[in-house]
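Working notes, beginning with the structure itself.
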Amino acid sequence: MPWTTRKLQGSAVVSHVTGLVRRNHRRARPLMWATAATLLTGSCWLVVTGLYARSELLAARGALETLRNSVTAPASSVSTAKDAAGRRERGEAAARSAAAHADRAHRLTTGPAWSMAAYLPGLGGTVETVRGTAKAVDRLTGDVLPAVVRTAGNLADDAGADGGHLDLSELRKAAPALENVSRQVAVTRAETRKLPSHTWLPALDRVRDELLGRLDRMAPAVEDAATGARLLPLMLGEDRPRRYLVVFQNPAEARGTGGMPGAHALMTADRGRLALTHFGHDAEMVTTHPKVDLGAEFTAMYGHYDAVNTWPNSNMSPHFPYAARIWSAAWLDRSGERVDGVLSLDPGVLARLLAATGPTRTTDGTVVTADNVVDLSERTNYTRYSDPLKRKAFLLDMARASAGQLLAAAEDPQRRPGLLLGLYDVLSNGQMNIWSAHRDEQRELESRPVGGSLPLKPEPYAGLVVNNAAGTKLDYYLDRTLDWRPGRCTAAGREVTVKAVVANNAPSQGLPTYVTDRLDKPPYATHDGDNRLLVSYYATAGADLIKATVDGRTALTSPGIERGHPVYTLDVEVPAGSSRTVMLQLLEPPADDAPTVLNQRLPRPLHATVHPSSGCKGVLSGDPTGQPSTAAVIPSTASAIRAAHALASSSDAP
């Protein structure tokens, strides 16, 4: 075939192919435009509905703020039943509004466009977080909030002609709903935690983190509410009257559970109505001989302080159930009466509750308020009364007046909501502790902060506990800091360095002799305002102590074990206006988590810093026995004996 012919044929082929391409391109162009239009429409739909959803969520947040204000605003002393009904109606309206806005936000972020967009590379994570956040808020406002509002409203209502005490039948009926609420919040928290936390919208990331933070606070709150609905009817005497020993602690002289036990009262609960039938001071209890066996471990830790038979030493352990069992046995020995439980509170608890109920007045005319009750109890009373008997009488009178005010508020439907919120605060943060003599109730209490228990868990733990060993009342001026820093991870364990600083900021002059007097009679010279502390560190189960120092010098420690936690105790003299730095080098089982920090309640808060860990994944644990290293720890028997003498001598408490 001639070359020209072949060229013509080739050109024809090329022309044919080009024509096909052009025809296909013309045919595909509508499809391409349709696809582009669909994507553009979908994108616009996502943007528009997303903006509308954002607006609805902001409106829901505003309604929730209105609800919060209606619930937490203090009731006027002259408020009427009509006022209370109006407040409840406004709260319910705000709850309905929040639920409606959240429901619309959820519906706006559902549908085919949002479902498909969740699978798009680069965009899917953002879409998923938007949808998940809207779903979580909808569930909270639609399922959780109504049940909570109904329960709160029913409990706050007037009980009727027989008085204003809590309606226990309403509380019991609320239990199933609160159990469901607790489950819903737990599921919502788990789902929210799985949402992408780093999207290309920083504002969305903040919303997700804020929501998760609220859920982290809400989950234990509703779980506590469900537990309370199960336990409170029985504990408040629904089936039969109950008796409780109430012990007031004085943190001006530190003890493991907070402060030295002083005044006490007997409280009865009968079908929700509370009454105080007896008040007494510590002198009634110091002669008792409680018959209680707390086990070999407790005896090894506290036997040389005679903690069971010596009232001022009875709560050296930070594990509140130990103290409660001793106190209940002491009351049985004194009165012949068994109690159904023990409650413990301190002036800080009274301050929080009086903030909700309003001030009270003692028989001598002293006004006791949320602002001055701590100072009156832990400082002023020592300068006002040089006679210990008059001082004790004043403190007992103040406790009686405060307790009377709280009980009156509990019977008042207008003041009750504020009191219940305050009561929840002090119970949920462990500031007020409760122990039950009934095993099933105690099992639930012990798992909550209100139980004041030292946990029996292998997870990382850091507990700084001080006990006053001088017999002074100087711990009102005590500052404490705890710094926990993880180090290398090895096959033997994780290295941990603990730095604890105790600072005695008591003035060197001007304090009453009763406050500064040293009952331990040390063999070395001391000055007014000097203090002495037993400083104990509660470590993670399985930890070993490598080295201990005080102000850089090697120190003697007394080792022990309490509920699986190795305990290292140092006898530390802290002169007025100075501080002591305790350093502990530990080897703990490998772990990735930060420790739970024990918060011993004293007049000045503990300042704790926990440094992040790089993790110990893949590192095997060392010796899991939990026994302290005896090679690195030398018990100081002489120091223990001197401290025991000082503690046993501190029998004069408020």
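By order in the structure tokens, chains are A, B, ...; within a chain, residues start at 1; ligands start at 1, following the order shown.
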
Quiz prompt | Residues flagged strand (DSSP E or B) by DSSP in stretch 332-402 of chain A, as a VMD selection string | solution = chain A and resid 341 to 345 360 to 361 367 to 368

Requested write-out: N, CA, C and O atoms of the selected residues, as a compact mmCIF listing (two decimals), in the first residue's frame:
# COMPACT_ATOMS: atom_id res chain seq x y z
N GLY A 341 -24.83 4.28 112.12
CA GLY A 341 -23.79 4.85 111.29
C GLY A 341 -23.11 6.00 111.98
O GLY A 341 -23.48 6.41 113.09
N VAL A 342 -22.09 6.53 111.31
CA VAL A 342 -21.31 7.64 111.85
C VAL A 342 -21.13 8.68 110.74
O VAL A 342 -20.85 8.33 109.58
N LEU A 343 -21.31 9.95 111.10
CA LEU A 343 -21.05 11.07 110.20
C LEU A 343 -19.93 11.91 110.78
O LEU A 343 -19.84 12.07 112.00
N SER A 344 -19.09 12.45 109.91
CA SER A 344 -18.00 13.30 110.35
C SER A 344 -18.00 14.58 109.54
O SER A 344 -18.15 14.55 108.33
N LEU A 345 -17.84 15.72 110.22
CA LEU A 345 -17.77 17.00 109.54
C LEU A 345 -16.84 17.93 110.28
O LEU A 345 -16.47 17.67 111.43
N THR A 360 -26.45 31.83 111.82
CA THR A 360 -27.13 31.44 113.05
C THR A 360 -26.50 32.21 114.20
O THR A 360 -25.58 33.02 114.00
N ARG A 361 -26.98 31.99 115.42
CA ARG A 361 -26.52 32.77 116.57
C ARG A 361 -26.41 31.85 117.79
O ARG A 361 -27.29 31.02 118.04
N VAL A 367 -22.74 35.84 116.32
CA VAL A 367 -23.31 35.48 115.02
C VAL A 367 -22.32 34.56 114.30
O VAL A 367 -21.14 34.90 114.14
N VAL A 368 -22.80 33.41 113.90
CA VAL A 368 -21.97 32.42 113.21
C VAL A 368 -22.40 32.38 111.75
O VAL A 368 -23.55 32.11 111.43

Self-check item: Spatial neighbours of A:Pro251, max dist 6 Å, only C-alpha atoms, sep filter under 5 positions, as a PyMOL selection string
Solution: chain A and resi 258-259+602

Quiz item: Which distance in Å separates atom CA of A:Ala252 and atom CA of A:Asn468, to one decimal?
Solution: 9.2 Å

Exercise. Measure the distance from atom CA of A:Leu178 to atom CA of A:Gly142 in Å and round it to one decimal.
Key: 14.2 Å

Would you mind listing what lies within 9 Å of A:Asp528 as a short mmCIF file (atom, residue, chain, number, x, y, z; two decimals) with C-alpha atoms, in the first residue's frame, with only C-alpha atoms counted and same-chain residues fewer than 4 positions away left out?
data_model
loop_
_atom_site.label_atom_id
_atom_site.label_comp_id
_atom_site.auth_asym_id
_atom_site.auth_seq_id
_atom_site.Cartn_x
_atom_site.Cartn_y
_atom_site.Cartn_z
CA PRO A 507 3.56 33.59 114.19
CA SER A 508 6.43 33.23 116.65
CA GLN A 509 4.62 35.35 119.24
CA LEU A 511 -0.50 33.06 120.21
CA THR A 513 -0.19 29.19 125.40
CA THR A 516 1.60 26.56 121.24
CA ASP A 517 2.12 24.35 124.30
CA ARG A 518 4.20 21.26 123.49
CA PRO A 575 10.03 25.53 113.64
CA ALA A 576 7.76 28.57 113.43
#

Quiz prompt | DSSP alpha helix (DSSP H) residues within stretch 440-580 of chain A, as a VMD selection string | solution = chain A and resid 440 to 446 513 to 516

Env of A:Pro261: 10 Å cut, atoms = only C-alpha atoms, seq-sep filter 2 positions within chain, self excluded. Answer as a PDB file with all heavy atoms, in the first residue's frame.
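Done, and the output landed in around.pdb:
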ATOM      1  N   VAL A 247     -19.666  13.321 114.571  1.00  0.00           N
ATOM      2  CA  VAL A 247     -18.418  13.743 115.215  1.00  0.00           C
ATOM      3  C   VAL A 247     -17.879  14.973 114.490  1.00  0.00           C
ATOM      4  O   VAL A 247     -17.753  14.974 113.267  1.00  0.00           O
ATOM      5  CB  VAL A 247     -17.370  12.610 115.201  1.00  0.00           C
ATOM      6  CG1 VAL A 247     -16.053  13.092 115.804  1.00  0.00           C
ATOM      7  CG2 VAL A 247     -17.891  11.401 115.966  1.00  0.00           C
ATOM      8  N   PHE A 248     -17.577  16.017 115.268  1.00  0.00           N
ATOM      9  CA  PHE A 248     -16.996  17.241 114.730  1.00  0.00           C
ATOM     10  C   PHE A 248     -15.478  17.175 114.890  1.00  0.00           C
ATOM     11  O   PHE A 248     -14.969  16.969 115.994  1.00  0.00           O
ATOM     12  CB  PHE A 248     -17.544  18.465 115.466  1.00  0.00           C
ATOM     13  CG  PHE A 248     -19.031  18.645 115.327  1.00  0.00           C
ATOM     14  CD1 PHE A 248     -19.909  18.023 116.206  1.00  0.00           C
ATOM     15  CD2 PHE A 248     -19.558  19.420 114.309  1.00  0.00           C
ATOM     16  CE1 PHE A 248     -21.283  18.178 116.085  1.00  0.00           C
ATOM     17  CE2 PHE A 248     -20.926  19.575 114.177  1.00  0.00           C
ATOM     18  CZ  PHE A 248     -21.803  18.958 115.055  1.00  0.00           C
ATOM     19  N   GLN A 249     -14.767  17.343 113.781  1.00  0.00           N
ATOM     20  CA  GLN A 249     -13.306  17.299 113.810  1.00  0.00           C
ATOM     21  C   GLN A 249     -12.726  18.715 113.852  1.00  0.00           C
ATOM     22  O   GLN A 249     -13.292  19.637 113.266  1.00  0.00           O
ATOM     23  CB  GLN A 249     -12.763  16.579 112.574  1.00  0.00           C
ATOM     24  CG  GLN A 249     -13.188  15.120 112.484  1.00  0.00           C
ATOM     25  CD  GLN A 249     -12.470  14.404 111.358  1.00  0.00           C
ATOM     26  OE1 GLN A 249     -11.276  14.146 111.419  1.00  0.00           O
ATOM     27  NE2 GLN A 249     -13.207  14.059 110.321  1.00  0.00           N
ATOM     28  N   ASN A 250     -11.589  18.851 114.532  1.00  0.00           N
ATOM     29  CA  ASN A 250     -10.900  20.139 114.617  1.00  0.00           C
ATOM     30  C   ASN A 250      -9.575  20.054 113.867  1.00  0.00           C
ATOM     31  O   ASN A 250      -8.575  19.566 114.394  1.00  0.00           O
ATOM     32  CB  ASN A 250     -10.649  20.522 116.075  1.00  0.00           C
ATOM     33  CG  ASN A 250      -9.888  21.834 116.185  1.00  0.00           C
ATOM     34  OD1 ASN A 250      -9.794  22.592 115.231  1.00  0.00           O
ATOM     35  ND2 ASN A 250      -9.335  22.099 117.356  1.00  0.00           N
ATOM     36  N   PRO A 251      -9.514  20.554 112.627  1.00  0.00           N
ATOM     37  CA  PRO A 251      -8.281  20.449 111.824  1.00  0.00           C
ATOM     38  C   PRO A 251      -7.146  21.342 112.319  1.00  0.00           C
ATOM     39  O   PRO A 251      -6.048  21.281 111.743  1.00  0.00           O
ATOM     40  CB  PRO A 251      -8.741  20.880 110.421  1.00  0.00           C
ATOM     41  CG  PRO A 251     -10.231  20.733 110.423  1.00  0.00           C
ATOM     42  CD  PRO A 251     -10.643  21.061 111.822  1.00  0.00           C
ATOM     43  N   GLU A 253      -5.591  20.773 114.822  1.00  0.00           N
ATOM     44  CA  GLU A 253      -4.649  19.721 115.200  1.00  0.00           C
ATOM     45  C   GLU A 253      -4.890  18.550 114.255  1.00  0.00           C
ATOM     46  O   GLU A 253      -5.897  17.846 114.362  1.00  0.00           O
ATOM     47  CB  GLU A 253      -4.823  19.301 116.657  1.00  0.00           C
ATOM     48  CG  GLU A 253      -3.784  18.275 117.094  1.00  0.00           C
ATOM     49  CD  GLU A 253      -3.808  17.996 118.590  1.00  0.00           C
ATOM     50  OE1 GLU A 253      -4.475  18.729 119.335  1.00  0.00           O
ATOM     51  OE2 GLU A 253      -3.150  17.026 119.016  1.00  0.00           O
ATOM     52  N   ALA A 254      -3.984  18.359 113.323  1.00  0.00           N
ATOM     53  CA  ALA A 254      -4.207  17.458 112.197  1.00  0.00           C
ATOM     54  C   ALA A 254      -4.274  15.997 112.620  1.00  0.00           C
ATOM     55  O   ALA A 254      -3.521  15.540 113.481  1.00  0.00           O
ATOM     56  CB  ALA A 254      -3.103  17.636 111.156  1.00  0.00           C
ATOM     57  N   ARG A 255      -5.185  15.279 111.967  1.00  0.00           N
ATOM     58  CA  ARG A 255      -5.275  13.825 112.057  1.00  0.00           C
ATOM     59  C   ARG A 255      -5.521  13.282 110.653  1.00  0.00           C
ATOM     60  O   ARG A 255      -5.858  14.017 109.736  1.00  0.00           O
ATOM     61  CB  ARG A 255      -6.409  13.395 112.999  1.00  0.00           C
ATOM     62  CG  ARG A 255      -6.148  13.696 114.473  1.00  0.00           C
ATOM     63  CD  ARG A 255      -4.984  12.864 115.017  1.00  0.00           C
ATOM     64  NE  ARG A 255      -4.812  13.039 116.454  1.00  0.00           N
ATOM     65  CZ  ARG A 255      -4.045  13.961 117.019  1.00  0.00           C
ATOM     66  NH1 ARG A 255      -3.393  14.822 116.244  1.00  0.00           N
ATOM     67  NH2 ARG A 255      -3.928  14.040 118.326  1.00  0.00           N
ATOM     68  N   THR A 257      -7.858  11.697 109.103  1.00  0.00           N
ATOM     69  CA  THR A 257      -9.119  11.986 108.424  1.00  0.00           C
ATOM     70  C   THR A 257      -9.415  13.476 108.374  1.00  0.00           C
ATOM     71  O   THR A 257     -10.471  13.878 107.878  1.00  0.00           O
ATOM     72  CB  THR A 257     -10.297  11.271 109.118  1.00  0.00           C
ATOM     73  OG1 THR A 257     -10.426  11.770 110.454  1.00  0.00           O
ATOM     74  CG2 THR A 257     -10.096   9.774 109.138  1.00  0.00           C
ATOM     75  N   GLY A 258      -8.519  14.299 108.891  1.00  0.00           N
ATOM     76  CA  GLY A 258      -8.721  15.742 108.868  1.00  0.00           C
ATOM     77  C   GLY A 258      -8.243  16.392 110.146  1.00  0.00           C
ATOM     78  O   GLY A 258      -7.165  16.965 110.211  1.00  0.00           O
ATOM     79  N   GLY A 259      -9.064  16.306 111.191  1.00  0.00           N
ATOM     80  CA  GLY A 259      -8.712  16.940 112.452  1.00  0.00           C
ATOM     81  C   GLY A 259      -9.035  16.058 113.635  1.00  0.00           C
ATOM     82  O   GLY A 259      -9.713  15.031 113.520  1.00  0.00           O
ATOM     83  N   ALA A 263     -16.152  17.574 119.703  1.00  0.00           N
ATOM     84  CA  ALA A 263     -17.571  17.517 120.067  1.00  0.00           C
ATOM     85  C   ALA A 263     -18.280  16.443 119.245  1.00  0.00           C
ATOM     86  O   ALA A 263     -17.844  16.076 118.148  1.00  0.00           O
ATOM     87  CB  ALA A 263     -18.216  18.876 119.842  1.00  0.00           C
ATOM     88  N   HIS A 264     -19.378  15.963 119.779  1.00  0.00           N
ATOM     89  CA  HIS A 264     -20.153  14.952 119.077  1.00  0.00           C
ATOM     90  C   HIS A 264     -21.634  15.161 119.381  1.00  0.00           C
ATOM     91  O   HIS A 264     -21.997  15.872 120.329  1.00  0.00           O
ATOM     92  CB  HIS A 264     -19.724  13.544 119.499  1.00  0.00           C
ATOM     93  CG  HIS A 264     -19.897  13.274 120.963  1.00  0.00           C
ATOM     94  ND1 HIS A 264     -18.945  13.643 121.896  1.00  0.00           N
ATOM     95  CD2 HIS A 264     -20.919  12.706 121.665  1.00  0.00           C
ATOM     96  CE1 HIS A 264     -19.366  13.296 123.104  1.00  0.00           C
ATOM     97  NE2 HIS A 264     -20.561  12.728 122.989  1.00  0.00           N
ATOM     98  N   HIS A 281     -18.997  16.847 124.546  1.00  0.00           N
ATOM     99  CA  HIS A 281     -17.639  17.139 124.100  1.00  0.00           C
ATOM    100  C   HIS A 281     -16.747  15.926 124.338  1.00  0.00           C
ATOM    101  O   HIS A 281     -17.171  14.893 124.870  1.00  0.00           O
ATOM    102  CB  HIS A 281     -17.083  18.400 124.765  1.00  0.00           C
ATOM    103  CG  HIS A 281     -17.175  18.416 126.256  1.00  0.00           C
ATOM    104  ND1 HIS A 281     -16.420  17.596 127.061  1.00  0.00           N
ATOM    105  CD2 HIS A 281     -17.941  19.163 127.086  1.00  0.00           C
ATOM    106  CE1 HIS A 281     -16.699  17.829 128.322  1.00  0.00           C
ATOM    107  NE2 HIS A 281     -17.625  18.782 128.380  1.00  0.00           N
ATOM    108  N   ASP A 282     -15.483  16.058 123.969  1.00  0.00           N
ATOM    109  CA  ASP A 282     -14.595  14.908 123.934  1.00  0.00           C
ATOM    110  C   ASP A 282     -14.353  14.282 125.306  1.00  0.00           C
ATOM    111  O   ASP A 282     -14.007  13.101 125.400  1.00  0.00           O
ATOM    112  CB  ASP A 282     -13.256  15.308 123.315  1.00  0.00           C
ATOM    113  CG  ASP A 282     -12.564  16.382 124.131  1.00  0.00           C
ATOM    114  OD1 ASP A 282     -13.167  17.445 124.335  1.00  0.00           O
ATOM    115  OD2 ASP A 282     -11.422  16.159 124.564  1.00  0.00           O
ATOM    116  N   MET A 285     -15.805  11.012 125.974  1.00  0.00           N
ATOM    117  CA  MET A 285     -15.375   9.855 125.204  1.00  0.00           C
ATOM    118  C   MET A 285     -13.980   9.357 125.567  1.00  0.00           C
ATOM    119  O   MET A 285     -13.618   8.229 125.210  1.00  0.00           O
ATOM    120  CB  MET A 285     -15.411  10.191 123.711  1.00  0.00           C
ATOM    121  CG  MET A 285     -16.743  10.759 123.226  1.00  0.00           C
ATOM    122  SD  MET A 285     -18.135   9.623 123.434  1.00  0.00           S
ATOM    123  CE  MET A 285     -17.892   8.542 122.040  1.00  0.00           C
ATOM    124  N   TRP A 311      -9.036   8.248 122.434  1.00  0.00           N
ATOM    125  CA  TRP A 311      -9.939   9.030 121.590  1.00  0.00           C
ATOM    126  C   TRP A 311      -9.202  10.018 120.682  1.00  0.00           C
ATOM    127  O   TRP A 311      -9.492  10.090 119.481  1.00  0.00           O
ATOM    128  CB  TRP A 311     -10.964   9.737 122.475  1.00  0.00           C
ATOM    129  CG  TRP A 311     -11.948  10.607 121.765  1.00  0.00           C
ATOM    130  CD1 TRP A 311     -11.939  11.965 121.697  1.00  0.00           C
ATOM    131  CD2 TRP A 311     -13.103  10.180 121.028  1.00  0.00           C
ATOM    132  NE1 TRP A 311     -13.002  12.418 120.967  1.00  0.00           N
ATOM    133  CE2 TRP A 311     -13.740  11.344 120.541  1.00  0.00           C
ATOM    134  CE3 TRP A 311     -13.654   8.935 120.731  1.00  0.00           C
ATOM    135  CZ2 TRP A 311     -14.904  11.302 119.784  1.00  0.00           C
ATOM    136  CZ3 TRP A 311     -14.819   8.896 119.968  1.00  0.00           C
ATOM    137  CH2 TRP A 311     -15.431  10.057 119.505  1.00  0.00           C
ATOM    138  N   PRO A 312      -8.230  10.803 121.161  1.00  0.00           N
ATOM    139  CA  PRO A 312      -7.559  11.750 120.266  1.00  0.00           C
ATOM    140  C   PRO A 312      -6.762  11.083 119.149  1.00  0.00           C
ATOM    141  O   PRO A 312      -6.465  11.722 118.140  1.00  0.00           O
ATOM    142  CB  PRO A 312      -6.618  12.526 121.208  1.00  0.00           C
ATOM    143  CG  PRO A 312      -7.198  12.347 122.561  1.00  0.00           C
ATOM    144  CD  PRO A 312      -7.778  10.966 122.553  1.00  0.00           C
ATOM    145  N   ASN A 313      -6.395   9.820 119.308  1.00  0.00           N
ATOM    146  CA  ASN A 313      -5.599   9.113 118.301  1.00  0.00           C
ATOM    147  C   ASN A 313      -6.445   8.221 117.394  1.00  0.00           C
ATOM    148  O   ASN A 313      -5.906   7.527 116.534  1.00  0.00           O
ATOM    149  CB  ASN A 313      -4.541   8.238 118.971  1.00  0.00           C
ATOM    150  CG  ASN A 313      -3.525   9.046 119.731  1.00  0.00           C
ATOM    151  OD1 ASN A 313      -3.584  10.272 119.760  1.00  0.00           O
ATOM    152  ND2 ASN A 313      -2.585   8.358 120.366  1.00  0.00           N
ATOM    153  N   SER A 314      -7.747   8.233 117.589  1.00  0.00           N
ATOM    154  CA  SER A 314      -8.610   7.241 116.950  1.00  0.00           C
ATOM    155  C   SER A 314      -8.721   7.408 115.439  1.00  0.00           C
ATOM    156  O   SER A 314      -9.147   6.479 114.752  1.00  0.00           O
ATOM    157  CB  SER A 314     -10.009   7.287 117.574  1.00  0.00           C
ATOM    158  OG  SER A 314     -10.542   8.609 117.511  1.00  0.00           O
ATOM    159  N   ASN A 315      -8.375   8.575 114.919  1.00  0.00           N
ATOM    160  CA  ASN A 315      -8.493   8.783 113.467  1.00  0.00           C
ATOM    161  C   ASN A 315      -7.159   9.182 112.844  1.00  0.00           C
ATOM    162  O   ASN A 315      -7.108  10.001 111.933  1.00  0.00           O
ATOM    163  CB  ASN A 315      -9.567   9.829 113.151  1.00  0.00           C
ATOM    164  CG  ASN A 315      -9.278  11.183 113.787  1.00  0.00           C
ATOM    165  OD1 ASN A 315      -8.603  11.280 114.806  1.00  0.00           O
ATOM    166  ND2 ASN A 315      -9.801  12.238 113.204  1.00  0.00           N
ATOM    167  N   ALA A 323     -11.846   4.884 111.711  1.00  0.00           N
ATOM    168  CA  ALA A 323     -12.235   5.826 112.763  1.00  0.00           C
ATOM    169  C   ALA A 323     -13.703   5.655 113.121  1.00  0.00           C
ATOM    170  O   ALA A 323     -14.069   5.669 114.307  1.00  0.00           O
ATOM    171  CB  ALA A 323     -11.960   7.257 112.310  1.00  0.00           C
ATOM    172  N   TRP A 327     -15.296   4.947 116.774  1.00  0.00           N
ATOM    173  CA  TRP A 327     -16.209   5.901 117.395  1.00  0.00           C
ATOM    174  C   TRP A 327     -17.552   5.257 117.733  1.00  0.00           C
ATOM    175  O   TRP A 327     -18.118   5.525 118.798  1.00  0.00           O
ATOM    176  CB  TRP A 327     -16.423   7.092 116.457  1.00  0.00           C
ATOM    177  CG  TRP A 327     -15.186   7.912 116.242  1.00  0.00           C
ATOM    178  CD1 TRP A 327     -14.047   7.894 117.003  1.00  0.00           C
ATOM    179  CD2 TRP A 327     -14.933   8.847 115.191  1.00  0.00           C
ATOM    180  NE1 TRP A 327     -13.106   8.764 116.498  1.00  0.00           N
ATOM    181  CE2 TRP A 327     -13.617   9.366 115.390  1.00  0.00           C
ATOM    182  CE3 TRP A 327     -15.675   9.310 114.109  1.00  0.00           C
ATOM    183  CZ2 TRP A 327     -13.069  10.319 114.542  1.00  0.00           C
ATOM    184  CZ3 TRP A 327     -15.121  10.255 113.261  1.00  0.00           C
ATOM    185  CH2 TRP A 327     -13.833  10.755 113.474  1.00  0.00           C
ATOM    186  N   SER A 344     -19.094  12.447 109.906  1.00  0.00           N
ATOM    187  CA  SER A 344     -17.997  13.298 110.353  1.00  0.00           C
ATOM    188  C   SER A 344     -18.001  14.582 109.545  1.00  0.00           C
ATOM    189  O   SER A 344     -18.147  14.554 108.327  1.00  0.00           O
ATOM    190  CB  SER A 344     -16.661  12.577 110.175  1.00  0.00           C
ATOM    191  OG  SER A 344     -15.588  13.446 110.468  1.00  0.00           O
ATOM    192  N   LEU A 345     -17.844  15.717 110.222  1.00  0.00           N
ATOM    193  CA  LEU A 345     -17.774  16.998 109.537  1.00  0.00           C
ATOM    194  C   LEU A 345     -16.844  17.928 110.284  1.00  0.00           C
ATOM    195  O   LEU A 345     -16.472  17.671 111.431  1.00  0.00           O
ATOM    196  CB  LEU A 345     -19.155  17.635 109.371  1.00  0.00           C
ATOM    197  CG  LEU A 345     -19.944  18.007 110.619  1.00  0.00           C
ATOM    198  CD1 LEU A 345     -20.957  19.088 110.281  1.00  0.00           C
ATOM    199  CD2 LEU A 345     -20.695  16.793 111.168  1.00  0.00           C
ATOM    200  N   ASP A 346     -16.447  19.004 109.618  1.00  0.00           N
ATOM    201  CA  ASP A 346     -15.529  19.970 110.216  1.00  0.00           C
ATOM    202  C   ASP A 346     -16.049  21.375 109.941  1.00  0.00           C
ATOM    203  O   ASP A 346     -17.079  21.555 109.268  1.00  0.00           O
ATOM    204  CB  ASP A 346     -14.104  19.766 109.683  1.00  0.00           C
ATOM    205  CG  ASP A 346     -14.005  19.963 108.174  1.00  0.00           C
ATOM    206  OD1 ASP A 346     -14.878  20.629 107.589  1.00  0.00           O
ATOM    207  OD2 ASP A 346     -13.047  19.463 107.576  1.00  0.00           O
ATOM    208  N   SER A 651      -5.633  15.247 124.666  1.00  0.00           N
ATOM    209  CA  SER A 651      -6.998  14.838 124.978  1.00  0.00           C
ATOM    210  C   SER A 651      -7.943  16.003 125.129  1.00  0.00           C
ATOM    211  O   SER A 651      -9.123  15.817 125.376  1.00  0.00           O
ATOM    212  CB  SER A 651      -7.009  14.023 126.278  1.00  0.00           C
ATOM    213  OG  SER A 651      -6.494  14.810 127.339  1.00  0.00           O
ATOM    214  N   ASP A 652      -7.434  17.224 124.973  1.00  0.00           N
ATOM    215  CA  ASP A 652      -8.271  18.393 125.178  1.00  0.00           C
ATOM    216  C   ASP A 652      -8.628  18.985 123.835  1.00  0.00           C
ATOM    217  O   ASP A 652      -7.937  19.820 123.299  1.00  0.00           O
ATOM    218  CB  ASP A 652      -7.515  19.430 126.025  1.00  0.00           C
ATOM    219  CG  ASP A 652      -8.437  20.549 126.472  1.00  0.00           C
ATOM    220  OD1 ASP A 652      -9.646  20.295 126.553  1.00  0.00           O
ATOM    221  OD2 ASP A 652      -7.939  21.652 126.723  1.00  0.00           O
ATOM    222  N   ALA A 653      -9.711  18.516 123.256  1.00  0.00           N
ATOM    223  CA  ALA A 653     -10.112  18.965 121.925  1.00  0.00           C
ATOM    224  C   ALA A 653     -11.418  19.729 122.024  1.00  0.00           C
ATOM    225  O   ALA A 653     -12.153  19.600 122.983  1.00  0.00           O
ATOM    226  CB  ALA A 653     -10.282  17.759 121.003  1.00  0.00           C
ATOM    227  N   PRO A 654     -11.730  20.552 121.013  1.00  0.00           N
ATOM    228  CA  PRO A 654     -12.983  21.293 121.043  1.00  0.00           C
ATOM    229  C   PRO A 654     -14.172  20.378 120.862  1.00  0.00           C
ATOM    230  O   PRO A 654     -14.069  19.367 120.206  1.00  0.00           O
ATOM    231  CB  PRO A 654     -12.844  22.251 119.849  1.00  0.00           C
ATOM    232  CG  PRO A 654     -11.871  21.604 118.943  1.00  0.00           C
ATOM    233  CD  PRO A 654     -10.941  20.848 119.820  1.00  0.00           C
TER     234      PRO A 654
END

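Residues with any atom within 9 Å of A:Pro566, counting only C-alpha atoms and excluding same-chain neighbours fewer than 4 positions away, are Tyr537, Tyr538, Ala539, Thr540, Ala541, Gly542, Ala543, Asp544, Leu545, Pro559, Gly560, Ile561, Glu562, Gly626, Gln627 and Pro628 of chain A.
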
Quiz item: A:Gly552: which residues within 9 Å, counting only C-alpha atoms, same-chain residues fewer than 4 positions away excluded, as a PyMOL selection string?
Solution: chain A and resi 548+581-583

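Shortest separation to A:Tyr476 among A:Gly358, A:Gly452, A:Pro605, A:Pro523 occurs at residue A:Pro605, atoms counted being only C-alpha atoms.
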
Quiz item: Restricting the calculation to only C-alpha atoms, which member of A:Gly451, A:Pro589, A:Pro603, A:Pro318 is positioned closest to A:Cys616?
Solution: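 The answer is A:Pro589, which sits nearest to A:Cys616.
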
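The residue set within 9 Å of A:His278, counting only C-alpha atoms and dropping same-chain residues fewer than 5 places from it, reads His264, Ala265, Leu266 and Met267 of chain A.
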